[in-house]
Structure formats: structure tokens, C-alpha cells
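**Q** I'd like to ask you about the structure that follows.
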Amino acid sequence: MQVCLTREAAVETRFYRRFAENSLGLMCSHDLDGILLWINPAAANSLGYSPAETVGTRLDYYLAPEIRPLFASYLARIRERGTDSGRVRLHAKDGDQRLWMYRNILTDEPQLPLHVFGHAVDITEQFRAEQALENLFEQAPVGYLDLDACGKVRRINDAACKLLGYSKQEFLAQHDSPGIAGLFRDCAVAGPGPRLARFVRNDGHVLSLEIHARSIFEADSSFVGRLCALIDASDRVQAEMEIRNLNAQLEAKVASRVADLRKSNAGLQEFAYVASHDLQAPLKQVRGVLEQLQLSSKDPQTAELLRGCEQDIKRMLMLIEGLLSYAVASNPAHVPSRQVPLTIAIEESLMNLASVIASSGAAVAYKNLPPIPVDESSFVQLFQNLIGNAIKYRGPEAPKVGISAAHAENFWTIAVEDNGIGIDAANLEQIFEAFRRLHGREYAGTGIGLAICKKIVERMGGQIWVESQPGQGSTFRFKVPR
Ligand code: ADP
């Protein structure tokens, strides 16, 4: 091309030539027979050539062989319309194929002969990445659905088709049917987190589908759809249902067992109460007869025997009385007695223990106790048992008993502290069991006093325990709701 340019035009031409030669965009020009007139280094290098190697050659030489026959129609189009655009597959020097997106125009520069100016972008890498993603979607072992912003299915992969029981064509043709469209439309608007849905397959089989949906956004942050992963959760859902059913059955069984136990417990308590109550009368009669016999007996050996029998009867009566109190304390339908201030309940129990306190020289101290109202009969019995034990299990010193109270959260904790013989660590829990005694006949007792205390405290929704060391005294504490 031999053109005479003015000075300004020459400057401008140099400017644009440098601009084009340094551009990363792909540029070239060719005549109407397809002969390359000029190419910038970026375009030539994209195909593995230098500009000098390519100028003067025909452009179709660089096309992928299968599209070379289309080159004539391209030239015809551009001659006719003055422009052409699209994608073109090219053959690089090293045999690699490149994909260019181009827009070419026929120049209408009056001073120049007609030629085509081409501008292209190499989209090979982008295309390959798209292909890889497409393959990943298609060949994934997990079922995937691609929905548009309205929930319409754009793509479905083979695994999803297999799971849902449709061929790709069937599914895409039916995706407007109420079952499918409704289900996936919901997915398009549903929030994050998996969603469980019931799906009827083409063969009528019902699936529990777990759908994990991810929103897809454009570069400008506009919402364009959702990618859904489909997981067959039928086995899990079935197992969960079975577990729920089993749990319900188990709970029903436990409830019925508990009701049976309550009934038989109530029966047992009733029996213990009636038996111990009714046994007292004939035993008292036997004791009376034994006393009579002792008085009238002339034989000292017989009198000794009768005294032994009488002692045993006395002990039996004590045990029966303990049993009776225990049965009463265990009764959940306990009828509360009147409410009295805490110190009154303590004083009443001290009155009941007056003779023991006097004979032992015990000192019982309490002060600054809270003015809380308590159930009279329960608390009198509690303090009577605890203070009575503190005196009974005294050490070498005269018994000293201290009563104090503290509150924490919703409970009052009341402590009864003594300076007695103390209790071995191994027995701190056992002593609250019925008939559990740590001593023989050297200390009179039935082993039921602390079991009664435990029943009373638990009936009130509280707890009782002891802290002690042998020879150091003991502190019994019980906490009851405020
Ligand atoms: P009992 O006094 O009739 O034997 P309890 O149920 O009242 O029955 O007490 C159970 C056991 O706990 C007692 O036999 C005794 O060994 C021990 N015990 C109870 N209170 C005290 C205490 N304050 N000090 C030392 N041991 C105690």
C-alpha cells in the first residue's frame, strides 16, 4: 500500500500504529481475498508466529482444517454487510488450537484501498475453563440441577436424571409439570441450608430428597439462579422415622411401667403402713402378758427368759414404729401440716428431746436463723432425728450441736453440726439407706432415722448429705427450695 500522507496524517498514523503494535488485543488487516496485510505482534504470537512470517499469507491457512471451507462465505459476508463477528477456531504453529472471538469490519477510508480490519480476543483459556466446569457438572457423581432466577431448570446432569428417574429430554420437557416446577421454584427462593423434599420419580417410587442450593450471582452481584445438589436421603429419613417410632413405643412402655411401679409402690406403702400399724396392737398385748408373767414367776431362770423376751418385743415395737414413720414419710400424697417459723420447729423438736438433752448435758445453739415458714411435722421430725443422733453419737466431750442456715439461688441450706464420734468416709452415703447402721447394740436404734430424713427432704424437692471425719464430728446439711 503506497499512500502519500501529510505531515499531521503521518504523525497520527505513527501514533495509531504504535498503539496497535503494543496492544494486548489481537489486530490484523486483510484484503478482500483474505491475504494478510498487517498483523500486530500479540495476534501473530498467539498463533506462534512473528508478524513478518505471516504478512502476505492467506488467512484461511491459519483456520482449523474443518472450518477452512467456510472461509469463502466469510469473505462474501463481510463484502456484502461490511462487518462480521463470531468465534473462530485457529490452528497455531505448534498444532495447538486457539479460539478467538472476533469482530471484523470493512474499512471505508477514502484514501486507502478496500480492506478488512479485524479485532479479536483469545478466549481459548476461558473456553477451556468453561468446558472443564461443564464436564465437572455433567460427570459429577452427585445429582446437580442448574436453575434460573425463577426456578426454571436450565441444566440437569446425568446423576440427577438417574436419581429422579427421568431421561434428560423427559425431565427438561416436563419441568413445567406442577410437581417438578413447584419443588424447584421453591428452591430458587429458599434460604441457605439444605431442604428436605418429597419427590415422586417417573416410576412412581417416592424419594426423600435433600436439596443443597447455592445462589449464583453475576459480576454486578445480580442474582441469576441457583445450583442445586440433590442427595437421596430416603434411607436416612426412613431410619429416623423408625427411630422416632421406636422411641415413642419405648416411651409408652416406660410410662406404663412407671405407672405400674407407682401402683405397686403405693400398694407396698399401704401394706407397710397397715402391717406395722396392725402389728403394734397384738405385740403390745404380748408385752403386757410377758410383764404379768414376769411378775408372777417364782423361778428366776424363767423370769430372766421372760425379761429377754420382753426386751426383744420392745425392740420389735421400735422397729415397727420406725417402719410406720418411714411409710408415712414415703407417702407422696403427704398432707402438709400447718406452717410455723423455722425456730419454732427446732424448739418443738428440742422439747421432744428434753430428757435426752438434760441427761447428756448437751448444748444446742442456733441464732440468726431466717424467719422462714416451714411444714411443722416434717421439720420437727427432721430436727428431732438429726439433733437426737448428734447427742446419741457423742464423743468424749459433752455434746455440742450448732444449727445454722444459708441461702443460695433458690434454696435454703440448713446445717446441723456436732462434736461427736464422726463417720468414716466410706459410709457417708450408706447411712441414709433404711436399716443401715454402723453400730451394734452399744447404741440403741433402728437404722431408719436418717432414711426418714432423706424421704422428707426429697419429698420437698431437696437433698440431704453429711460431711464428717471420724473423731472430728459431723455436719448434716439439707437444702430445700425457698
Ligand atoms: P440409728 O441412729 O437408729 O441407728 P439412723 O438412720 O438415724 O439410725 O442413723 C444411721 C447410722 O448413721 C447410725 O447407726 C450411725 O452409725 C450413723 N450416724 C447417724 N448420725 C450420726 C452422727 N451425728 N454422728 C455419727 N454417726 C451418725
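Letters A, B, ... go to the chains of the C-alpha cells in the order shown; residues in each chain start at 1; ligands are counted from 1 in the same order.
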Got a sec to check which residues lie within 7 Å of ligand 1, using only C-alpha atoms and all ligand atoms, and send them as a PyMOL selection string?
**A** chain A and resi 385-386+389-390+393+418+420-423+431-432+434-439+444-451+473-474
**Q** Suppose we keep N, CA and C atoms; can you now write the selection as a compact mmCIF listing (two decimals), in the first residue's frame?
**A**
```
# COMPACT_ATOMS: atom_id res chain seq x y z
N ASN A 385 -34.62 -36.07 114.60
CA ASN A 385 -33.73 -37.18 114.21
C ASN A 385 -32.28 -36.71 114.20
N LEU A 386 -32.03 -35.52 113.60
CA LEU A 386 -30.64 -35.07 113.45
C LEU A 386 -30.02 -34.67 114.79
N ASN A 389 -29.53 -37.79 116.95
CA ASN A 389 -28.32 -38.55 116.56
C ASN A 389 -27.06 -37.84 117.03
N ALA A 390 -27.04 -36.49 116.91
CA ALA A 390 -25.86 -35.72 117.33
C ALA A 390 -25.56 -35.99 118.80
N TYR A 393 -24.64 -40.10 119.20
CA TYR A 393 -23.31 -40.49 118.74
C TYR A 393 -22.28 -39.46 119.21
N ASP A 418 -22.22 -31.30 114.81
CA ASP A 418 -21.97 -31.82 116.17
C ASP A 418 -20.49 -32.05 116.41
N GLY A 420 -19.41 -34.98 117.71
CA GLY A 420 -19.49 -36.39 118.08
C GLY A 420 -18.38 -37.25 117.50
N ILE A 421 -18.71 -38.55 117.39
CA ILE A 421 -17.66 -39.54 117.02
C ILE A 421 -17.28 -39.47 115.53
N GLY A 422 -18.13 -38.82 114.73
CA GLY A 422 -17.83 -38.70 113.30
C GLY A 422 -18.13 -39.98 112.55
N ILE A 423 -17.99 -39.92 111.23
CA ILE A 423 -18.35 -41.06 110.38
C ILE A 423 -17.23 -41.28 109.37
N ILE A 431 -25.39 -44.40 105.14
CA ILE A 431 -26.17 -44.22 106.37
C ILE A 431 -27.57 -43.66 106.11
N PHE A 432 -27.82 -43.18 104.87
CA PHE A 432 -29.16 -42.67 104.57
C PHE A 432 -30.08 -43.78 104.05
N ALA A 434 -32.36 -47.20 104.44
CA ALA A 434 -33.17 -47.73 105.55
C ALA A 434 -32.48 -48.93 106.19
N PHE A 435 -32.48 -48.97 107.49
CA PHE A 435 -31.93 -50.05 108.34
C PHE A 435 -30.41 -50.17 108.24
N ARG A 436 -29.74 -49.14 107.70
CA ARG A 436 -28.29 -49.18 107.62
C ARG A 436 -27.72 -48.56 108.90
N ARG A 437 -27.05 -49.38 109.73
CA ARG A 437 -26.47 -48.90 110.99
C ARG A 437 -24.98 -49.19 110.99
N LEU A 438 -24.23 -48.32 111.63
CA LEU A 438 -22.78 -48.55 111.66
C LEU A 438 -22.37 -49.16 113.01
N HIS A 439 -23.38 -49.33 113.89
CA HIS A 439 -23.04 -49.80 115.24
C HIS A 439 -23.96 -50.94 115.64
N ALA A 444 -28.49 -47.67 120.97
CA ALA A 444 -29.84 -48.12 120.64
C ALA A 444 -30.28 -47.44 119.34
N GLY A 445 -31.05 -48.16 118.54
CA GLY A 445 -31.55 -47.53 117.29
C GLY A 445 -32.07 -48.56 116.32
N THR A 446 -32.75 -48.08 115.31
CA THR A 446 -33.35 -48.98 114.33
C THR A 446 -32.71 -48.83 112.95
N GLY A 447 -31.93 -47.78 112.75
CA GLY A 447 -31.30 -47.56 111.44
C GLY A 447 -32.27 -46.95 110.44
N ILE A 448 -33.35 -46.33 110.94
CA ILE A 448 -34.34 -45.81 110.00
C ILE A 448 -34.46 -44.28 110.05
N GLY A 449 -33.83 -43.66 111.10
CA GLY A 449 -33.99 -42.22 111.31
C GLY A 449 -33.52 -41.38 110.12
N LEU A 450 -32.31 -41.66 109.61
CA LEU A 450 -31.78 -40.85 108.51
C LEU A 450 -32.52 -41.14 107.20
N ALA A 451 -32.98 -42.41 107.04
CA ALA A 451 -33.77 -42.74 105.83
C ALA A 451 -35.05 -41.92 105.82
N GLY A 473 -16.34 -35.02 114.57
CA GLY A 473 -17.73 -34.55 114.50
C GLY A 473 -18.29 -34.62 113.08
N SER A 474 -19.56 -34.32 112.96
CA SER A 474 -20.24 -34.43 111.67
C SER A 474 -21.09 -33.18 111.44
```
**Q** List as an NGL selection string the protein and nucleic acid residues near region 64-80 of chain A, meaning an atom at most 12 Å away when only C-alpha atoms are counted, but skip any in the same chain fewer than 6 places from it.
**A** :A and (30-35 or 47 or 58 or 86-93 or 95-100 or 103-108 or 114-118)
**Q** Next, dump the selected residues to file, keeping only N, CA, C and O atoms, as a short mmCIF file (atom, residue, chain, number, x, y, z; two decimals), in the first residue's frame.
**A**
```cif
data_model
loop_
_atom_site.label_atom_id
_atom_site.label_comp_id
_atom_site.auth_asym_id
_atom_site.auth_seq_id
_atom_site.Cartn_x
_atom_site.Cartn_y
_atom_site.Cartn_z
N HIS A 30 -6.74 -7.53 6.43
CA HIS A 30 -6.54 -8.38 5.24
C HIS A 30 -7.33 -7.80 4.08
O HIS A 30 -8.27 -7.00 4.29
N ASP A 31 -6.92 -8.20 2.87
CA ASP A 31 -7.67 -7.67 1.73
C ASP A 31 -8.88 -8.54 1.46
O ASP A 31 -9.14 -9.52 2.19
N LEU A 32 -9.61 -8.25 0.38
CA LEU A 32 -10.86 -8.95 0.16
C LEU A 32 -10.67 -10.37 -0.38
O LEU A 32 -11.63 -11.12 -0.52
N ASP A 33 -9.39 -10.74 -0.65
CA ASP A 33 -9.11 -12.14 -1.00
C ASP A 33 -8.63 -12.94 0.21
O ASP A 33 -8.27 -14.10 0.10
N GLY A 34 -8.53 -12.24 1.36
CA GLY A 34 -8.11 -12.94 2.58
C GLY A 34 -6.61 -12.93 2.78
O GLY A 34 -6.08 -13.64 3.63
N ILE A 35 -5.85 -12.11 2.01
CA ILE A 35 -4.40 -12.04 2.19
C ILE A 35 -4.10 -11.07 3.33
O ILE A 35 -4.63 -9.95 3.36
N LEU A 47 -0.57 -17.24 17.69
CA LEU A 47 -0.56 -18.43 16.83
C LEU A 47 0.85 -19.02 16.70
O LEU A 47 1.07 -19.99 15.97
N ARG A 58 -2.28 -16.26 3.16
CA ARG A 58 -3.75 -16.20 3.19
C ARG A 58 -4.25 -16.61 4.57
O ARG A 58 -3.76 -17.55 5.18
N GLY A 86 -18.04 -13.17 15.53
CA GLY A 86 -18.33 -14.53 16.00
C GLY A 86 -17.09 -15.15 16.61
O GLY A 86 -16.18 -14.45 17.05
N ARG A 87 -17.12 -16.50 16.67
CA ARG A 87 -15.97 -17.23 17.22
C ARG A 87 -15.32 -17.98 16.08
O ARG A 87 -16.02 -18.52 15.23
N VAL A 88 -14.00 -18.05 16.12
CA VAL A 88 -13.31 -18.80 15.07
C VAL A 88 -12.20 -19.64 15.70
O VAL A 88 -11.52 -19.19 16.61
N ARG A 89 -12.12 -20.89 15.18
CA ARG A 89 -11.10 -21.78 15.72
C ARG A 89 -9.88 -21.74 14.80
O ARG A 89 -10.00 -21.92 13.59
N LEU A 90 -8.70 -21.47 15.39
CA LEU A 90 -7.48 -21.32 14.59
C LEU A 90 -6.47 -22.40 14.95
O LEU A 90 -6.53 -22.98 16.04
N HIS A 91 -5.55 -22.60 13.99
CA HIS A 91 -4.56 -23.65 14.12
C HIS A 91 -3.20 -23.00 14.35
O HIS A 91 -2.69 -22.32 13.47
N ALA A 92 -2.61 -23.16 15.54
CA ALA A 92 -1.34 -22.49 15.83
C ALA A 92 -0.19 -23.27 15.20
O ALA A 92 -0.36 -24.42 14.79
N LYS A 93 0.97 -22.64 15.15
CA LYS A 93 2.15 -23.25 14.52
C LYS A 93 2.51 -24.59 15.17
O LYS A 93 2.91 -25.53 14.50
N GLY A 95 0.56 -26.70 16.44
CA GLY A 95 -0.52 -27.69 16.34
C GLY A 95 -1.65 -27.46 17.33
O GLY A 95 -2.71 -28.09 17.24
N ASP A 96 -1.43 -26.58 18.31
CA ASP A 96 -2.47 -26.28 19.31
C ASP A 96 -3.60 -25.51 18.63
O ASP A 96 -3.37 -24.79 17.66
N GLN A 97 -4.80 -25.69 19.15
CA GLN A 97 -5.92 -24.93 18.59
C GLN A 97 -6.22 -23.74 19.49
O GLN A 97 -6.17 -23.85 20.72
N ARG A 98 -6.48 -22.59 18.90
CA ARG A 98 -6.84 -21.40 19.68
C ARG A 98 -8.23 -20.97 19.27
O ARG A 98 -8.66 -21.18 18.11
N LEU A 99 -8.96 -20.38 20.24
CA LEU A 99 -10.30 -19.90 19.93
C LEU A 99 -10.30 -18.38 20.06
O LEU A 99 -9.93 -17.85 21.13
N TRP A 100 -10.65 -17.70 18.98
CA TRP A 100 -10.71 -16.23 19.01
C TRP A 100 -12.16 -15.78 18.90
O TRP A 100 -12.95 -16.36 18.15
N ARG A 103 -14.41 -9.41 15.85
CA ARG A 103 -15.36 -8.53 15.16
C ARG A 103 -14.54 -7.80 14.08
O ARG A 103 -13.64 -7.02 14.41
N ASN A 104 -14.88 -8.09 12.82
CA ASN A 104 -14.11 -7.53 11.69
C ASN A 104 -14.98 -6.54 10.90
O ASN A 104 -16.18 -6.76 10.75
N ILE A 105 -14.34 -5.50 10.41
CA ILE A 105 -15.11 -4.51 9.63
C ILE A 105 -14.37 -4.16 8.33
O ILE A 105 -13.13 -4.21 8.29
N LEU A 106 -15.14 -3.81 7.36
CA LEU A 106 -14.59 -3.37 6.08
C LEU A 106 -14.25 -1.88 6.22
O LEU A 106 -15.11 -1.10 6.65
N THR A 107 -13.00 -1.50 5.96
CA THR A 107 -12.67 -0.08 6.14
C THR A 107 -13.15 0.72 4.94
O THR A 107 -13.09 0.27 3.79
N ASP A 108 -13.66 1.91 5.26
CA ASP A 108 -14.16 2.76 4.16
C ASP A 108 -13.33 4.05 4.12
O ASP A 108 -13.83 5.13 3.91
N LEU A 114 -9.88 -0.84 -0.42
CA LEU A 114 -10.79 -1.56 0.49
C LEU A 114 -10.05 -2.71 1.19
O LEU A 114 -9.37 -3.50 0.51
N HIS A 115 -10.12 -2.76 2.45
CA HIS A 115 -9.56 -3.90 3.18
C HIS A 115 -10.33 -4.08 4.47
O HIS A 115 -11.13 -3.23 4.87
N VAL A 116 -10.04 -5.22 5.12
CA VAL A 116 -10.80 -5.57 6.34
C VAL A 116 -9.91 -5.35 7.56
O VAL A 116 -8.75 -5.76 7.55
N PHE A 117 -10.47 -4.66 8.56
CA PHE A 117 -9.73 -4.51 9.81
C PHE A 117 -10.34 -5.47 10.85
O PHE A 117 -11.54 -5.43 11.10
N GLY A 118 -9.49 -6.31 11.41
CA GLY A 118 -10.00 -7.32 12.37
C GLY A 118 -9.49 -7.07 13.77
O GLY A 118 -8.35 -6.68 13.97
#
```
**Q** Which residues come within 10 Å of Phe217 (chain A), counting only C-alpha atoms, excluding same-chain residues fewer than 5 positions away, as a PyMOL selection string?
**A** chain A and resi 149+222-226
**Q** Using only C-alpha atoms, which residues sit within 9 Å of region 135-148 of chain A once same-chain residues fewer than 6 positions away are excluded, as a PyMOL selection string?
**A** chain A and resi 154-164+184-185+187-188+224-231
**Q** I need the residue nearest Tyr326 (chain A) from this list: A:Glu270, A:Glu417, A:Asp278, A:Asp424. Use only C-alpha atoms for the distance.
**A** A:Glu270
**Q** When you look at Ala272 (chain A) with a cut-off of 10 Å (counting only C-alpha atoms), what residues show up, excluding the ones that are within fewer than 6 positions of it in the same chain? I need them as a list in words.
**A**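 Once the nearby chain positions are removed, what remains is Ala266, Asp278, Ile320, Leu323, Leu324, Tyr326, Ala327 and Val328 of chain A.
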**Q** Restricting the output to N, CA and C atoms, write the selected residues as a compact mmCIF listing (two decimals), in the first residue's frame.
**A**
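After the write, part08.txt holds the following:
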```txt
# COMPACT_ATOMS: atom_id res chain seq x y z
N ALA A 266 -47.33 -47.77 95.73
CA ALA A 266 -48.40 -47.28 96.60
C ALA A 266 -48.97 -48.44 97.39
N ASP A 278 -51.08 -52.51 112.31
CA ASP A 278 -51.87 -53.59 112.90
C ASP A 278 -51.03 -54.53 113.76
N ILE A 320 -41.06 -51.48 114.34
CA ILE A 320 -42.36 -51.31 113.68
C ILE A 320 -42.76 -49.83 113.66
N LEU A 323 -40.74 -48.23 111.00
CA LEU A 323 -41.29 -48.61 109.70
C LEU A 323 -42.52 -47.79 109.38
N LEU A 324 -43.32 -47.60 110.40
CA LEU A 324 -44.56 -46.83 110.23
C LEU A 324 -44.23 -45.38 109.83
N TYR A 326 -41.50 -44.36 108.48
CA TYR A 326 -40.89 -44.38 107.14
C TYR A 326 -41.96 -44.46 106.06
N ALA A 327 -42.98 -45.32 106.30
CA ALA A 327 -44.07 -45.45 105.33
C ALA A 327 -44.81 -44.12 105.20
N VAL A 328 -44.98 -43.42 106.31
CA VAL A 328 -45.68 -42.12 106.26
C VAL A 328 -44.83 -41.11 105.50
```
**Q** Write out as number ranges by chain all residues of region 127-284 of chain A that backbone DSSP assigns to strand (DSSP E).
**A** A: 143-148, 153-156, 195-200, 206-217, 223-232
**Q** Please identify all polymer residues within 10 Å of Gln384 (chain A), counting only C-alpha atoms, omitting same-chain residues fewer than 3 positions from it, and present them as a VMD selection string.
**A** chain A and resid 345 to 353 378 to 381 387 to 390 449 453
**Q** Measure the distance from CA of Ala248 (chain A) to CA of Leu207 (chain A) in Å and round it to one decimal.
**A** 24.4 Å
**Q** Taking 5 positions as the minimum chain separation for residues in the same chain, which residues sit within 12 Å of region 296-310 of chain A when counting only C-alpha atoms? Answer as a JSON list (two decimals) with N, CA and C atoms, in the first residue's frame.
**A**
```
[["chain", "number", "residue", "atom", "x", "y", "z"],
["A", 283, "LEU", "N", -48.65, -57.00, 119.49],
["A", 283, "LEU", "CA", -47.34, -57.03, 120.15],
["A", 283, "LEU", "C", -47.42, -56.38, 121.53],
["A", 284, "LYS", "N", -48.17, -55.28, 121.60],
["A", 284, "LYS", "CA", -48.30, -54.58, 122.88],
["A", 284, "LYS", "C", -49.00, -55.50, 123.89],
["A", 285, "GLN", "N", -49.95, -56.27, 123.34],
["A", 285, "GLN", "CA", -50.67, -57.22, 124.23],
["A", 285, "GLN", "C", -49.70, -58.27, 124.74],
["A", 286, "VAL", "N", -48.89, -58.81, 123.82],
["A", 286, "VAL", "CA", -47.91, -59.84, 124.22],
["A", 286, "VAL", "C", -46.98, -59.27, 125.28],
["A", 287, "ARG", "N", -46.52, -57.97, 125.06],
["A", 287, "ARG", "CA", -45.61, -57.36, 126.04],
["A", 287, "ARG", "C", -46.28, -57.28, 127.42],
["A", 288, "GLY", "N", -47.59, -56.92, 127.43],
["A", 288, "GLY", "CA", -48.34, -56.83, 128.69],
["A", 288, "GLY", "C", -48.38, -58.17, 129.40],
["A", 289, "VAL", "N", -48.67, -59.23, 128.59],
["A", 289, "VAL", "CA", -48.76, -60.58, 129.18],
["A", 289, "VAL", "C", -47.41, -60.98, 129.74],
["A", 290, "LEU", "N", -46.33, -60.67, 128.98],
["A", 290, "LEU", "CA", -44.98, -61.03, 129.45],
["A", 290, "LEU", "C", -44.66, -60.33, 130.77],
["A", 291, "GLU", "N", -45.06, -59.07, 130.88],
["A", 291, "GLU", "CA", -44.81, -58.33, 132.13],
["A", 291, "GLU", "C", -45.53, -59.02, 133.30],
["A", 315, "ARG", "N", -37.86, -54.02, 121.21],
["A", 315, "ARG", "CA", -37.10, -53.66, 120.02],
["A", 315, "ARG", "C", -37.97, -53.81, 118.76],
["A", 316, "MET", "N", -38.76, -54.90, 118.75],
["A", 316, "MET", "CA", -39.66, -55.13, 117.62],
["A", 316, "MET", "C", -40.64, -53.97, 117.49],
["A", 317, "LEU", "N", -41.14, -53.49, 118.65],
["A", 317, "LEU", "CA", -42.09, -52.37, 118.63],
["A", 317, "LEU", "C", -41.42, -51.11, 118.07]]
```
